[in-house]
Every structure is written in structure tokens, then in C-alpha cells.
Amino acid sequence: MSRDAYFRLAAHAKSCKNVQAERDLAKSFTTNDVGPDGRIKYNDLKSFHKHVLCDLGMCLRKRSTDDVLPGGWHLFYIAYHVLLRVKTTGTKMRPRPHATLSLAVGRDGKTGLGWDDELAKFSIQADQSPKAFSRYVQTDWRMWRYFELAAQADEIWAESVHFDFPADFDVSGAATIHLP
């Protein structure tokens with residue numbers, strides 16, 4: 001975790017009045033919506049979208065085709081400082097539909113949607129897990145000898161904080177999901 005991210009995380013924990021609500025939301029999602037195998041329990045995007053809006057109380061903030069495989073959507077849902085990213089076709093690194101749940105605090109203290117705004121991702125146990133070990137090893141030449149270990153740590157971390165949808169996940173109707 002970068003020094004900046006560490007200080008933003010500490011400031012958020014100290015000053016945000018919604019910290020408990022954020023923890024409760026993460027716990028609810030990982031307990032009720034993700035199975036013990038790490039897979040999301042919904043078989044289609046439409047019902048998952050409705051659940052996220054109505055039951056979890058999140059809001060769709062952004063919808064784009066960036067950072068996903070062709071034909072897919074990248075959906076950004078927020079509540080408090082919790083960001084739920086859904087990638088309907090997956091990515092080059094993870095080529096299957098999946099989602100992540102993050103604590104996302106921008107430099108301005110508002111909920112951020114950018115990768116650098118995600119201070120930690122939530123694991124299946126709803127623990128906050130800092131990210132990007134190898135990224136920080138790369139920037140310090142004294143740490144380069146640890147790069148391979150850091151890359152392995154990144155992979156272990158990624159497996160613990162990415163939640164795949166079922167293999168038969170139906171994304172039909174994704175193009176009909178619009179911002180409020």
C-alpha cells in the first residue's frame with residue numbers, strides 16, 4: 001500500500017461516520033451473495049442488478065466498455081465509500097464475468113471510481129485487503145529482487161478478492177442497464 005493510500009485509509013477510518021455501515025454492507029454482500037466457493041449466487045445480470053439496487057441500496061454510478069473483453073460492460077455501483085465493480089465479460093487477466101468490492105476513497109475524500117482510489121478490496125470474509133504488492137516493488141530498485149515473490153503475492157491476493165459469476169451467467173440485457 002502506498003504511503004498516500006495508507007494515510008487516506010487512516011483518515012477515512014477516523015473521520016467517516018459511515019465506517020460501520022460500509023463494513024455491514026461488505027459483510028452482507030460476502031455472506032449472502034457469495035457462496036463458500038467464492039462464486040456469486042446470481043445466474044443472470046438483470047436479477048443481480050436489481051438486487052444490488054434494491055436490497056443492497058447501491059447506486060449505479062458509471063457504465064463503460066473500458067477494461068473489459070469485447071462485448072462486455074464494466075458497471076460501477078456505489079454506496080457510502082464502497083465500490084462494487086462488475087465486469088460482465090471479464091478482462092484479459094481474468095477472462096470470465098466477475099465482481100470486486102472495494103473501499104474506494106478519492107484524494108478529495110469522496111467515493112472514487114478509479115483504480116488508485118481503491119484503498120483495499122474486501123475478501124470473502126469481508127476483511128479489507130490492501131492491494132498491489134508488485135507495483136510498489138517495481139518503483140524501488142532496492143526491492144527488485146523480491147519482484148517475483150511480490151507477483152505471486154499479487155496472484156494470491158487477486159484470487160481472494162475477485163468473485164466470479166457462475167459459468168452459465170446470463171448477461172443478456174446488459175445494454176439495457178442505464179444510469180439513473
# chains A, B, ... in the order shown; residues from 1 in each chain; ligands from 1

$ residues_around --residues "region 154-169 of chain A" --least-positions-apart "4" --cutoff "8 Å" --atoms "only C-alpha atoms" --output "MDAnalysis selection string"
chainID A and resid 34 38:45 96:101 121:124 129 131:134 150

$ select_by_dssp --residues "chain A" --states "strand (DSSP E or B)" --output "ChimeraX atom specification"
/A:34,39-40,44,59-64,74-79,82-87,98-105,111,118-122,128-129,163-164,170

$ write_last_selection --atoms "N, CA and C atoms" --output "CSV table (one decimal), in the first residue's frame"
chain,number,residue,atom,x,y,z
A,34,VAL,N,-22.3,-14.2,-2.0
A,34,VAL,CA,-21.2,-15.0,-2.5
A,34,VAL,C,-21.2,-16.3,-1.7
A,39,ARG,N,-18.0,-17.9,-5.5
A,39,ARG,CA,-18.8,-17.5,-6.7
A,39,ARG,C,-20.1,-16.8,-6.2
A,40,ILE,N,-20.4,-15.8,-7.0
A,40,ILE,CA,-21.7,-15.0,-6.8
A,40,ILE,C,-22.9,-15.9,-7.1
A,44,ASP,N,-28.0,-14.5,-13.4
A,44,ASP,CA,-28.2,-13.5,-14.5
A,44,ASP,C,-28.0,-12.1,-14.0
A,59,CYS,N,-26.1,2.4,-5.8
A,59,CYS,CA,-26.5,3.2,-7.0
A,59,CYS,C,-25.5,2.9,-8.1
A,60,LEU,N,-26.0,2.8,-9.3
A,60,LEU,CA,-25.1,2.6,-10.5
A,60,LEU,C,-24.6,4.0,-10.8
A,61,ARG,N,-23.3,4.2,-10.7
A,61,ARG,CA,-22.7,5.5,-10.9
A,61,ARG,C,-22.1,5.6,-12.3
A,62,LYS,N,-21.6,4.5,-12.9
A,62,LYS,CA,-20.9,4.6,-14.2
A,62,LYS,C,-21.1,3.2,-14.9
A,63,ARG,N,-21.2,3.3,-16.2
A,63,ARG,CA,-21.3,2.2,-17.1
A,63,ARG,C,-20.3,2.4,-18.3
A,64,SER,N,-19.4,1.5,-18.5
A,64,SER,CA,-18.5,1.8,-19.7
A,64,SER,C,-18.1,0.4,-20.3
A,74,HIS,N,-18.5,-2.7,-18.0
A,74,HIS,CA,-17.9,-2.5,-16.7
A,74,HIS,C,-18.9,-1.6,-16.0
A,75,LEU,N,-19.5,-2.2,-14.9
A,75,LEU,CA,-20.5,-1.4,-14.2
A,75,LEU,C,-20.0,-1.1,-12.8
A,76,PHE,N,-20.2,0.2,-12.4
A,76,PHE,CA,-19.7,0.7,-11.1
A,76,PHE,C,-20.9,1.1,-10.2
A,77,TYR,N,-21.0,0.4,-9.1
A,77,TYR,CA,-22.1,0.6,-8.2
A,77,TYR,C,-21.4,1.2,-6.9
A,78,ILE,N,-22.1,2.2,-6.3
A,78,ILE,CA,-21.5,2.7,-5.0
A,78,ILE,C,-22.6,2.8,-3.9
A,79,ALA,N,-22.1,2.8,-2.7
A,79,ALA,CA,-22.9,3.1,-1.5
A,79,ALA,C,-21.8,3.5,-0.5
A,82,VAL,N,-18.1,2.4,-0.6
A,82,VAL,CA,-18.0,1.1,-1.1
A,82,VAL,C,-18.3,1.1,-2.6
A,83,LEU,N,-17.4,0.5,-3.3
A,83,LEU,CA,-17.5,0.4,-4.8
A,83,LEU,C,-17.6,-1.1,-5.2
A,84,LEU,N,-18.6,-1.4,-5.9
A,84,LEU,CA,-18.8,-2.7,-6.5
A,84,LEU,C,-18.6,-2.6,-8.0
A,85,ARG,N,-17.6,-3.3,-8.5
A,85,ARG,CA,-17.3,-3.3,-9.9
A,85,ARG,C,-17.8,-4.6,-10.4
A,86,VAL,N,-18.5,-4.6,-11.5
A,86,VAL,CA,-18.9,-5.8,-12.2
A,86,VAL,C,-18.4,-5.7,-13.6
A,87,LYS,N,-17.7,-6.8,-14.0
A,87,LYS,CA,-17.2,-6.9,-15.4
A,87,LYS,C,-17.9,-8.1,-16.1
A,98,HIS,N,-17.0,-11.4,-13.5
A,98,HIS,CA,-16.6,-11.3,-12.1
A,98,HIS,C,-16.9,-10.0,-11.5
A,99,ALA,N,-16.8,-9.9,-10.2
A,99,ALA,CA,-17.0,-8.6,-9.5
A,99,ALA,C,-16.0,-8.5,-8.4
A,100,THR,N,-15.8,-7.2,-8.0
A,100,THR,CA,-14.9,-6.9,-6.8
A,100,THR,C,-15.7,-5.9,-6.0
A,101,LEU,N,-15.4,-5.9,-4.7
A,101,LEU,CA,-16.0,-5.0,-3.7
A,101,LEU,C,-14.8,-4.3,-3.0
A,102,SER,N,-14.8,-3.0,-3.1
A,102,SER,CA,-13.7,-2.2,-2.6
A,102,SER,C,-14.1,-1.1,-1.7
A,103,LEU,N,-13.1,-0.7,-0.9
A,103,LEU,CA,-13.3,0.6,-0.1
A,103,LEU,C,-12.6,1.6,-1.0
A,104,ALA,N,-13.3,2.6,-1.6
A,104,ALA,CA,-12.8,3.5,-2.6
A,104,ALA,C,-12.9,4.9,-2.1
A,105,VAL,N,-11.8,5.5,-1.7
A,105,VAL,CA,-11.8,6.9,-1.2
A,105,VAL,C,-10.9,7.7,-2.0
A,111,THR,N,-16.2,9.2,-2.8
A,111,THR,CA,-16.1,7.9,-3.3
A,111,THR,C,-15.5,8.0,-4.7
A,118,GLU,N,-9.1,2.9,-5.0
A,118,GLU,CA,-9.5,1.7,-4.2
A,118,GLU,C,-8.3,1.5,-3.2
A,119,LEU,N,-8.6,1.8,-2.0
A,119,LEU,CA,-7.6,1.6,-0.9
A,119,LEU,C,-7.4,0.2,-0.5
A,120,ALA,N,-8.5,-0.6,-0.6
A,120,ALA,CA,-8.5,-2.0,-0.2
A,120,ALA,C,-9.7,-2.7,-0.9
A,121,LYS,N,-9.5,-4.0,-1.1
A,121,LYS,CA,-10.7,-4.7,-1.6
A,121,LYS,C,-11.1,-5.7,-0.5
A,122,PHE,N,-12.4,-6.0,-0.5
A,122,PHE,CA,-12.9,-6.9,0.5
A,122,PHE,C,-12.8,-8.3,0.1
A,128,GLN,N,-10.7,-6.2,4.9
A,128,GLN,CA,-10.1,-5.3,3.9
A,128,GLN,C,-8.7,-5.7,3.6
A,129,SER,N,-8.5,-5.9,2.4
A,129,SER,CA,-7.2,-6.4,1.9
A,129,SER,C,-6.5,-5.4,1.0
A,163,PHE,N,-14.7,-12.1,-7.2
A,163,PHE,CA,-15.8,-13.1,-7.0
A,163,PHE,C,-16.3,-13.4,-8.4
A,164,ASP,N,-16.2,-14.6,-8.9
A,164,ASP,CA,-16.7,-15.0,-10.2
A,164,ASP,C,-18.2,-15.2,-10.2
A,170,ASP,N,-25.8,-15.3,-17.3
A,170,ASP,CA,-26.6,-14.7,-18.4
A,170,ASP,C,-26.4,-13.2,-18.3

$ residues_around --residues "Pro95 (chain A)" --least-positions-apart "4" --cutoff "9 Å" --atoms "only C-alpha atoms" --output "list in words"
Val68, Leu69, Thr89, Gly90 and Thr91 of chain A

$ atom_distance --atom1 "CA of Gly109 (chain A)" --atom2 "CA of Ala126 (chain A)"
21.9 Å

$ closest_residue --among "A:Asn32, A:Ala5, A:Leu179, A:Tyr80" --to "Lys17 (chain A)" --atoms "only C-alpha atoms"
A:Tyr80

$ residues_around --residues "Asp55 (chain A)" --least-positions-apart "3" --cutoff "12 Å" --atoms "only C-alpha atoms" --output "list in words"
Leu25, Ser28, Phe29, Asn32, Asp33, Ser47, Phe48, His49, Lys50, His51, Val52, Met58, Cys59 and Ala79 of chain A

$ write_last_selection --atoms "N, CA, C and O atoms" --output "PDB file, in the first residue's frame"
ATOM      1  N   LEU A  25     -22.258  -3.491   4.918  1.00  0.00           N
ATOM      2  CA  LEU A  25     -22.565  -3.744   3.514  1.00  0.00           C
ATOM      3  C   LEU A  25     -21.631  -4.816   2.950  1.00  0.00           C
ATOM      4  O   LEU A  25     -22.078  -5.755   2.285  1.00  0.00           O
ATOM      5  N   SER A  28     -22.612  -8.157   4.430  1.00  0.00           N
ATOM      6  CA  SER A  28     -23.857  -8.635   3.834  1.00  0.00           C
ATOM      7  C   SER A  28     -23.608  -9.219   2.448  1.00  0.00           C
ATOM      8  O   SER A  28     -24.099 -10.304   2.118  1.00  0.00           O
ATOM      9  N   PHE A  29     -22.832  -8.510   1.638  1.00  0.00           N
ATOM     10  CA  PHE A  29     -22.554  -8.979   0.281  1.00  0.00           C
ATOM     11  C   PHE A  29     -21.790 -10.300   0.304  1.00  0.00           C
ATOM     12  O   PHE A  29     -22.169 -11.261  -0.361  1.00  0.00           O
ATOM     13  N   ASN A  32     -24.170 -13.130   2.070  1.00  0.00           N
ATOM     14  CA  ASN A  32     -25.430 -13.506   1.432  1.00  0.00           C
ATOM     15  C   ASN A  32     -25.351 -13.712  -0.074  1.00  0.00           C
ATOM     16  O   ASN A  32     -26.158 -14.457  -0.633  1.00  0.00           O
ATOM     17  N   ASP A  33     -24.431 -13.034  -0.738  1.00  0.00           N
ATOM     18  CA  ASP A  33     -24.413 -13.047  -2.198  1.00  0.00           C
ATOM     19  C   ASP A  33     -23.271 -13.850  -2.805  1.00  0.00           C
ATOM     20  O   ASP A  33     -23.260 -14.103  -4.002  1.00  0.00           O
ATOM     21  N   SER A  47     -31.210  -9.860 -12.597  1.00  0.00           N
ATOM     22  CA  SER A  47     -31.626 -10.055 -11.201  1.00  0.00           C
ATOM     23  C   SER A  47     -30.532  -9.588 -10.239  1.00  0.00           C
ATOM     24  O   SER A  47     -30.839  -9.055  -9.170  1.00  0.00           O
ATOM     25  N   PHE A  48     -29.276  -9.753 -10.607  1.00  0.00           N
ATOM     26  CA  PHE A  48     -28.188  -9.262  -9.758  1.00  0.00           C
ATOM     27  C   PHE A  48     -28.232  -7.736  -9.676  1.00  0.00           C
ATOM     28  O   PHE A  48     -28.123  -7.162  -8.595  1.00  0.00           O
ATOM     29  N   HIS A  49     -28.435  -7.078 -10.801  1.00  0.00           N
ATOM     30  CA  HIS A  49     -28.543  -5.615 -10.852  1.00  0.00           C
ATOM     31  C   HIS A  49     -29.691  -5.128  -9.965  1.00  0.00           C
ATOM     32  O   HIS A  49     -29.515  -4.208  -9.159  1.00  0.00           O
ATOM     33  N   LYS A  50     -30.838  -5.756 -10.079  1.00  0.00           N
ATOM     34  CA  LYS A  50     -31.996  -5.371  -9.262  1.00  0.00           C
ATOM     35  C   LYS A  50     -31.683  -5.569  -7.776  1.00  0.00           C
ATOM     36  O   LYS A  50     -32.008  -4.715  -6.944  1.00  0.00           O
ATOM     37  N   HIS A  51     -31.048  -6.663  -7.428  1.00  0.00           N
ATOM     38  CA  HIS A  51     -30.674  -6.934  -6.035  1.00  0.00           C
ATOM     39  C   HIS A  51     -29.712  -5.871  -5.502  1.00  0.00           C
ATOM     40  O   HIS A  51     -29.874  -5.376  -4.381  1.00  0.00           O
ATOM     41  N   VAL A  52     -28.720  -5.533  -6.298  1.00  0.00           N
ATOM     42  CA  VAL A  52     -27.727  -4.533  -5.865  1.00  0.00           C
ATOM     43  C   VAL A  52     -28.410  -3.192  -5.601  1.00  0.00           C
ATOM     44  O   VAL A  52     -28.130  -2.529  -4.594  1.00  0.00           O
ATOM     45  N   MET A  58     -27.359   0.176  -3.305  1.00  0.00           N
ATOM     46  CA  MET A  58     -26.284   0.811  -4.055  1.00  0.00           C
ATOM     47  C   MET A  58     -26.865   1.545  -5.257  1.00  0.00           C
ATOM     48  O   MET A  58     -28.013   1.326  -5.635  1.00  0.00           O
ATOM     49  N   CYS A  59     -26.063   2.409  -5.835  1.00  0.00           N
ATOM     50  CA  CYS A  59     -26.477   3.205  -6.983  1.00  0.00           C
ATOM     51  C   CYS A  59     -25.504   2.946  -8.127  1.00  0.00           C
ATOM     52  O   CYS A  59     -24.294   2.907  -7.909  1.00  0.00           O
ATOM     53  N   ALA A  79     -22.118   2.770  -2.720  1.00  0.00           N
ATOM     54  CA  ALA A  79     -22.882   3.109  -1.517  1.00  0.00           C
ATOM     55  C   ALA A  79     -21.829   3.495  -0.486  1.00  0.00           C
ATOM     56  O   ALA A  79     -20.864   2.759  -0.273  1.00  0.00           O
TER      57      ALA A  79
END

$ closest_residue --among "A:Lys46, A:His81, A:Arg107, A:Lys92" --to "Ala175 (chain A)" --atoms "only C-alpha atoms"
A:Lys46

$ atom_distance --atom1 "CA of Ser172 (chain A)" --atom2 "CA of Asp37 (chain A)"
24.4 Å

$ atom_distance --atom1 "CA of Leu56 (chain A)" --atom2 "CA of Lys14 (chain A)"
24.3 Å
